[in-house]
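> Take this structure first; my questions come after.
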Amino acid sequence: MQYRTLGRTGVQVGSLALGAMNFGRIGRTTQDEVTALVDAAVEGGINLIDTADMYGGGESEEMVGKAIAGRRDDIVLATKAGMPMGEGPNHRGGSRRWLVTALDDSLRRLGVDHIDLYQLHRWDPATDDEETLSALTDLQRAGKIRYFGSSTFPAHRLVQAQWAARENRLSRYVTEQPSYSILQRGAEAHVLPVTEQYGLGVLAWSPLASGWLSGAIREGREITTNRSTFMPQRFDLTVPANRARLDAVERLAGVAEEAGLTMIQLALGFVTAHPAVSCAIIGPRTPDHLRSQLAAADTVLSTDVLDAIDAIVAPGTDLAAHEKNDTPPALLDPSLRRR
């Protein structure tokens, strides 16, 4: 496992991190299975575990807490808040009122007294940056979190948040967690240049593009991945974007074969090759998934392979732009762009 500095924090993290979204009901995993995955990941050199309060309605955090009991100091523990955690309008977002409550709930579920990296799961347009940063700074000063970061922020909001922190003499986001893979390269155009400019660590999520780059999805095969069972629209081959992804996958499979790599090695090696990326978050559901992904930990792609990838999916291009989670609200709600 390669280790890298997480932004400017001084914290060393493996080039692969363990994502916990599949822990519990989403991935149909038991506590024993989760603990075994964590054991194997740590043995393989992974030291950062990333979860979120909304994964399984808190179930993932509870499972992670039990799995890391007795070795807390060896784990860089990351979680997220901000997504809905109930029907109430104030059980979400980036307000001081909610973040203070959400953090205490996460600490309780995880069974720990502090979080190493606390991340705002999505930008909250309804809350001022100063409000959110002030709350996070106070939680940091109280010793409940060591650092805080953002997740899936558009580039202009990253810049705005950095400015707001400086203007108001508050602590700043030190990491960003964007979606980034061979098939979703839009982050290269705006987000990653901003993270490099401000020295933010980058934890790339969905580096296997929801399983499209796992090797299990190929032309002529029935798509039976776990993700396809609850997100079928993302794998419907009558949708042009999905057809384009499958076409790209077939061409990428040829690149991987010629280079003597698995598709997973190609996909993870691509993401971790970008100089802005601190680590790629993998989300295994089974021990076999984990083993195949750990095998890519030290993969270094040659210039020829990276050039071949560029020829298939152009830099800065998203093959499924409609799936991005950082779209400005005005593009989704017509009333916000009409006077």
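Chain identifiers are assigned as A, B, and so on, following the order in which chains appear in the structure tokens; residues are numbered from 1 within each chain, and ligands are numbered from 1 in order of appearance.
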Kindly provide the residues of range 134-213 of chain A that approach range 109-118 of chain A to within 8 Å, each paired with its closest atom pair and their distance in Å to one decimal, based on only C-alpha atoms, listed by chain and increasing number, as a tab-separated table.


residue	atom	partner	partner_atom	distance
A:Gly143	CA	A:His114	CA	6.8
A:Lys144	CA	A:His114	CA	4.4
A:Ile145	CA	A:Ile115	CA	4.7
A:Arg146	CA	A:Asp116	CA	4.8
A:Tyr147	CA	A:Leu117	CA	4.9
A:Phe148	CA	A:Tyr118	CA	4.6
A:Gly149	CA	A:Tyr118	CA	6.2

> Hey, which of A:Ala20, A:His91, A:Ala311, A:Trp205 ends up closest to Thr272 in chain A? Count only C-alpha atoms.

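Under the stated criterion, the closest residue is A:Trp205.
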
> Using only C-alpha atoms, which residues of range 35-148 of chain A come within 10 Å of range 325-331 of chain A, and what is the closest atom pair for each, with the distance in Å to one decimal? Give it as a Markdown table, sorted by chain and residue number.


| residue | atom | partner | partner_atom | distance |
| --- | --- | --- | --- | --- |
| A:Arg122 | CA | A:Asp326 | CA | 7.9 |
| A:Trp123 | CA | A:Asp326 | CA | 8.0 |
| A:Pro125 | CA | A:Pro329 | CA | 8.0 |

> Pick out the residues sitting within 8 Å of range 165-168 of chain A, and hand them over as a PyMOL selection string; count only C-alpha atoms, and ignore anything fewer than 3 positions along from it in its own chain.

chain A and resi 130+133+161-162+171-172

> List every residue of range 221-335 of chain A that DSSP, applied to the backbone, labels as strand (DSSP E), and write the result as a VMD selection string.

chain A and resid 279 to 282

> Between CA of Arg157 in chain A and CA of Lys80 in chain A, what is the distance in Å, rounded to a tenth?

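Result for CA of Arg157 in chain A versus CA of Lys80 in chain A: 17.6 Å, one decimal.
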
> Can you pull out every residue from range 247-300 of chain A that DSSP, working from the backbone, puts in helix (DSSP H, G or I), and format the result as JSON, numbers by chain?

{"A": [247, 248, 249, 250, 251, 252, 253, 254, 255, 256, 257, 258, 259, 263, 264, 265, 266, 267, 268, 269, 270, 271, 272, 273, 287, 288, 289, 290, 291, 292, 293, 294]}

> Create the file for the chosen residues now, containing N, CA and C atoms and written as an mmCIF file, in the first residue's frame.


data_model
loop_
_atom_site.group_PDB
_atom_site.id
_atom_site.type_symbol
_atom_site.label_atom_id
_atom_site.label_comp_id
_atom_site.auth_asym_id
_atom_site.auth_seq_id
_atom_site.Cartn_x
_atom_site.Cartn_y
_atom_site.Cartn_z
ATOM 1 N N ASP A 247 -20.003 0.845 -24.234
ATOM 2 C CA ASP A 247 -19.076 0.907 -25.368
ATOM 3 C C ASP A 247 -17.670 1.265 -24.889
ATOM 4 N N ALA A 248 -17.591 2.226 -23.964
ATOM 5 C CA ALA A 248 -16.288 2.615 -23.425
ATOM 6 C C ALA A 248 -15.669 1.471 -22.633
ATOM 7 N N VAL A 249 -16.480 0.759 -21.865
ATOM 8 C CA VAL A 249 -15.981 -0.369 -21.074
ATOM 9 C C VAL A 249 -15.369 -1.429 -21.973
ATOM 10 N N GLU A 250 -16.009 -1.717 -23.092
ATOM 11 C CA GLU A 250 -15.471 -2.725 -24.001
ATOM 12 C C GLU A 250 -14.097 -2.307 -24.530
ATOM 13 N N ARG A 251 -13.938 -1.043 -24.860
ATOM 14 C CA ARG A 251 -12.649 -0.561 -25.353
ATOM 15 C C ARG A 251 -11.609 -0.540 -24.236
ATOM 16 N N LEU A 252 -12.036 -0.171 -23.046
ATOM 17 C CA LEU A 252 -11.112 -0.152 -21.903
ATOM 18 C C LEU A 252 -10.658 -1.567 -21.537
ATOM 19 N N ALA A 253 -11.547 -2.541 -21.707
ATOM 20 C CA ALA A 253 -11.169 -3.927 -21.418
ATOM 21 C C ALA A 253 -10.021 -4.370 -22.308
ATOM 22 N N GLY A 254 -10.020 -3.883 -23.556
ATOM 23 C CA GLY A 254 -8.908 -4.203 -24.447
ATOM 24 C C GLY A 254 -7.613 -3.578 -23.988
ATOM 25 N N VAL A 255 -7.679 -2.350 -23.478
ATOM 26 C CA VAL A 255 -6.489 -1.671 -22.950
ATOM 27 C C VAL A 255 -5.946 -2.440 -21.751
ATOM 28 N N ALA A 256 -6.844 -2.834 -20.854
ATOM 29 C CA ALA A 256 -6.418 -3.570 -19.664
ATOM 30 C C ALA A 256 -5.773 -4.900 -20.027
ATOM 31 N N GLU A 257 -6.388 -5.618 -20.945
ATOM 32 C CA GLU A 257 -5.843 -6.923 -21.347
ATOM 33 C C GLU A 257 -4.459 -6.783 -21.959
ATOM 34 N N GLU A 258 -4.299 -5.787 -22.807
ATOM 35 C CA GLU A 258 -2.992 -5.592 -23.447
ATOM 36 C C GLU A 258 -1.928 -5.228 -22.426
ATOM 37 N N ALA A 259 -2.334 -4.514 -21.364
ATOM 38 C CA ALA A 259 -1.378 -4.109 -20.330
ATOM 39 C C ALA A 259 -1.184 -5.171 -19.259
ATOM 40 N N MET A 263 -9.591 -5.111 -14.997
ATOM 41 C CA MET A 263 -10.326 -3.861 -15.132
ATOM 42 C C MET A 263 -10.267 -3.047 -13.843
ATOM 43 N N ILE A 264 -10.293 -3.733 -12.708
ATOM 44 C CA ILE A 264 -10.234 -3.032 -11.423
ATOM 45 C C ILE A 264 -8.881 -2.345 -11.251
ATOM 46 N N GLN A 265 -7.815 -3.027 -11.621
ATOM 47 C CA GLN A 265 -6.494 -2.401 -11.539
ATOM 48 C C GLN A 265 -6.402 -1.183 -12.455
ATOM 49 N N LEU A 266 -6.975 -1.305 -13.652
ATOM 50 C CA LEU A 266 -6.974 -0.178 -14.582
ATOM 51 C C LEU A 266 -7.747 1.001 -13.987
ATOM 52 N N ALA A 267 -8.929 0.718 -13.442
ATOM 53 C CA ALA A 267 -9.794 1.774 -12.931
ATOM 54 C C ALA A 267 -9.198 2.458 -11.712
ATOM 55 N N LEU A 268 -8.727 1.686 -10.744
ATOM 56 C CA LEU A 268 -8.179 2.277 -9.531
ATOM 57 C C LEU A 268 -6.820 2.917 -9.785
ATOM 58 N N GLY A 269 -6.028 2.298 -10.659
ATOM 59 C CA GLY A 269 -4.739 2.884 -11.007
ATOM 60 C C GLY A 269 -4.890 4.221 -11.696
ATOM 61 N N PHE A 270 -5.947 4.355 -12.492
ATOM 62 C CA PHE A 270 -6.222 5.628 -13.158
ATOM 63 C C PHE A 270 -6.538 6.724 -12.136
ATOM 64 N N VAL A 271 -7.438 6.435 -11.209
ATOM 65 C CA VAL A 271 -7.855 7.448 -10.240
ATOM 66 C C VAL A 271 -6.691 7.868 -9.343
ATOM 67 N N THR A 272 -5.941 6.897 -8.849
ATOM 68 C CA THR A 272 -4.848 7.235 -7.924
ATOM 69 C C THR A 272 -3.638 7.830 -8.640
ATOM 70 N N ALA A 273 -3.635 7.812 -9.977
ATOM 71 C CA ALA A 273 -2.536 8.426 -10.722
ATOM 72 C C ALA A 273 -2.652 9.939 -10.760
ATOM 73 N N PRO A 287 -15.633 -10.503 0.641
ATOM 74 C CA PRO A 287 -14.172 -10.659 0.707
ATOM 75 C C PRO A 287 -13.531 -10.760 -0.670
ATOM 76 N N ASP A 288 -14.209 -11.401 -1.614
ATOM 77 C CA ASP A 288 -13.657 -11.503 -2.970
ATOM 78 C C ASP A 288 -13.543 -10.114 -3.607
ATOM 79 N N HIS A 289 -14.567 -9.289 -3.415
ATOM 80 C CA HIS A 289 -14.486 -7.913 -3.920
ATOM 81 C C HIS A 289 -13.275 -7.202 -3.331
ATOM 82 N N LEU A 290 -13.101 -7.333 -2.026
ATOM 83 C CA LEU A 290 -12.000 -6.641 -1.356
ATOM 84 C C LEU A 290 -10.654 -7.119 -1.871
ATOM 85 N N ARG A 291 -10.482 -8.431 -2.021
ATOM 86 C CA ARG A 291 -9.200 -8.958 -2.486
ATOM 87 C C ARG A 291 -8.872 -8.424 -3.888
ATOM 88 N N SER A 292 -9.861 -8.400 -4.758
ATOM 89 C CA SER A 292 -9.602 -7.931 -6.120
ATOM 90 C C SER A 292 -9.266 -6.449 -6.150
ATOM 91 N N GLN A 293 -9.805 -5.700 -5.210
ATOM 92 C CA GLN A 293 -9.526 -4.268 -5.168
ATOM 93 C C GLN A 293 -8.193 -3.964 -4.476
ATOM 94 N N LEU A 294 -7.882 -4.712 -3.429
ATOM 95 C CA LEU A 294 -6.584 -4.543 -2.776
ATOM 96 C C LEU A 294 -5.437 -4.876 -3.730
#

> So that I can see what lies close to Ser179 in chain A, please list as a PDB file with N, CA, C and O atoms, in the first residue's frame the residues with an atom at most 8 Å from it, counting only C-alpha atoms and leaving out residues fewer than 6 positions away in the same chain.


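The result, written out as result_21.pdb:
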ATOM      1  N   THR A 152     -18.667  16.318  -2.653  1.00  0.00           N
ATOM      2  CA  THR A 152     -19.461  16.571  -3.859  1.00  0.00           C
ATOM      3  C   THR A 152     -19.863  18.036  -3.971  1.00  0.00           C
ATOM      4  O   THR A 152     -20.983  18.353  -4.352  1.00  0.00           O
ATOM      5  N   ALA A 187     -14.707  16.013 -12.863  1.00  0.00           N
ATOM      6  CA  ALA A 187     -13.980  16.662 -11.765  1.00  0.00           C
ATOM      7  C   ALA A 187     -12.643  17.237 -12.222  1.00  0.00           C
ATOM      8  O   ALA A 187     -12.126  18.173 -11.629  1.00  0.00           O
ATOM      9  N   ALA A 204     -11.572  10.217  -3.536  1.00  0.00           N
ATOM     10  CA  ALA A 204     -12.419  10.000  -4.720  1.00  0.00           C
ATOM     11  C   ALA A 204     -13.400   8.862  -4.468  1.00  0.00           C
ATOM     12  O   ALA A 204     -12.996   7.743  -4.154  1.00  0.00           O
ATOM     13  N   TRP A 205     -14.703   9.154  -4.614  1.00  0.00           N
ATOM     14  CA  TRP A 205     -15.688   8.093  -4.436  1.00  0.00           C
ATOM     15  C   TRP A 205     -16.174   7.571  -5.781  1.00  0.00           C
ATOM     16  O   TRP A 205     -16.080   8.239  -6.789  1.00  0.00           O
ATOM     17  N   SER A 206     -16.656   6.341  -5.754  1.00  0.00           N
ATOM     18  CA  SER A 206     -17.118   5.607  -6.938  1.00  0.00           C
ATOM     19  C   SER A 206     -16.055   5.502  -8.029  1.00  0.00           C
ATOM     20  O   SER A 206     -16.332   5.739  -9.198  1.00  0.00           O
ATOM     21  N   PRO A 207     -14.818   5.113  -7.673  1.00  0.00           N
ATOM     22  CA  PRO A 207     -13.779   4.972  -8.699  1.00  0.00           C
ATOM     23  C   PRO A 207     -14.054   3.833  -9.674  1.00  0.00           C
ATOM     24  O   PRO A 207     -13.478   3.804 -10.767  1.00  0.00           O
ATOM     25  N   LYS A 324     -24.517  13.381 -11.949  1.00  0.00           N
ATOM     26  CA  LYS A 324     -23.675  14.174 -11.064  1.00  0.00           C
ATOM     27  C   LYS A 324     -24.510  14.719  -9.906  1.00  0.00           C
ATOM     28  O   LYS A 324     -25.693  15.029 -10.051  1.00  0.00           O
TER      29      LYS A 324
END

> Which of these residues is nearest to Pro193 in chain A, using only C-alpha atoms: A:Met231, A:Ala67, A:Ile49, A:Val277?

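Distance minimum relative to Pro193 in chain A lands on A:Val277.
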
> Would you pick out the contacts of Asp128 in chain A at 9 Å or less, using only C-alpha atoms, so that residues sharing its chain but fewer than 4 positions from it are not included, and give the list as a short mmCIF file (atom, residue, chain, number, x, y, z; two decimals) with N, CA and C atoms, in the first residue's frame?


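Wrote result28.cif, looks like this:
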data_model
loop_
_atom_site.label_atom_id
_atom_site.label_comp_id
_atom_site.auth_asym_id
_atom_site.auth_seq_id
_atom_site.Cartn_x
_atom_site.Cartn_y
_atom_site.Cartn_z
N GLY A 94 -26.75 21.98 6.59
CA GLY A 94 -25.50 22.44 7.18
C GLY A 94 -25.67 23.49 8.26
N SER A 95 -26.84 23.56 8.88
CA SER A 95 -27.05 24.54 9.96
C SER A 95 -26.32 24.12 11.23
N ASP A 124 -25.15 22.74 1.06
CA ASP A 124 -26.51 23.12 1.44
C ASP A 124 -26.77 24.55 0.99
N THR A 132 -22.15 27.37 8.64
CA THR A 132 -21.65 26.00 8.65
C THR A 132 -20.21 25.94 9.16
N LEU A 133 -19.36 26.81 8.64
CA LEU A 133 -17.95 26.80 9.03
C LEU A 133 -17.78 27.16 10.50
#

> Write out as a PyMOL selection string the residues lying within 8 Å of range 34-38 of chain A, counting only C-alpha atoms and excluding same-chain residues fewer than 5 positions away.

chain A and resi 18+23+29+63-64+66-68+286-287+290

> Hey, what's within 6 Å of Ala81 in chain A if we count only C-alpha atoms and toss same-chain stuff fewer than 4 positions away? As a PyMOL selection string, please?

chain A and resi 53+120-121

> Can you tell me how far CA of Pro240 in chain A sits from CA of Trp212 in chain A, in Å to one decimal?

14.9 Å

> Between CA of His190 in chain A and CA of Ala280 in chain A, what is the distance, to one decimal in Å?

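It comes out at 18.5 Å.
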
> Could you check which of A:Ala314, A:Leu170, A:Ala321, A:Ala297 is closest to Ile46 in chain A, using only C-alpha atoms?

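For Ile46 in chain A, the nearest of the given residues is A:Ala297.
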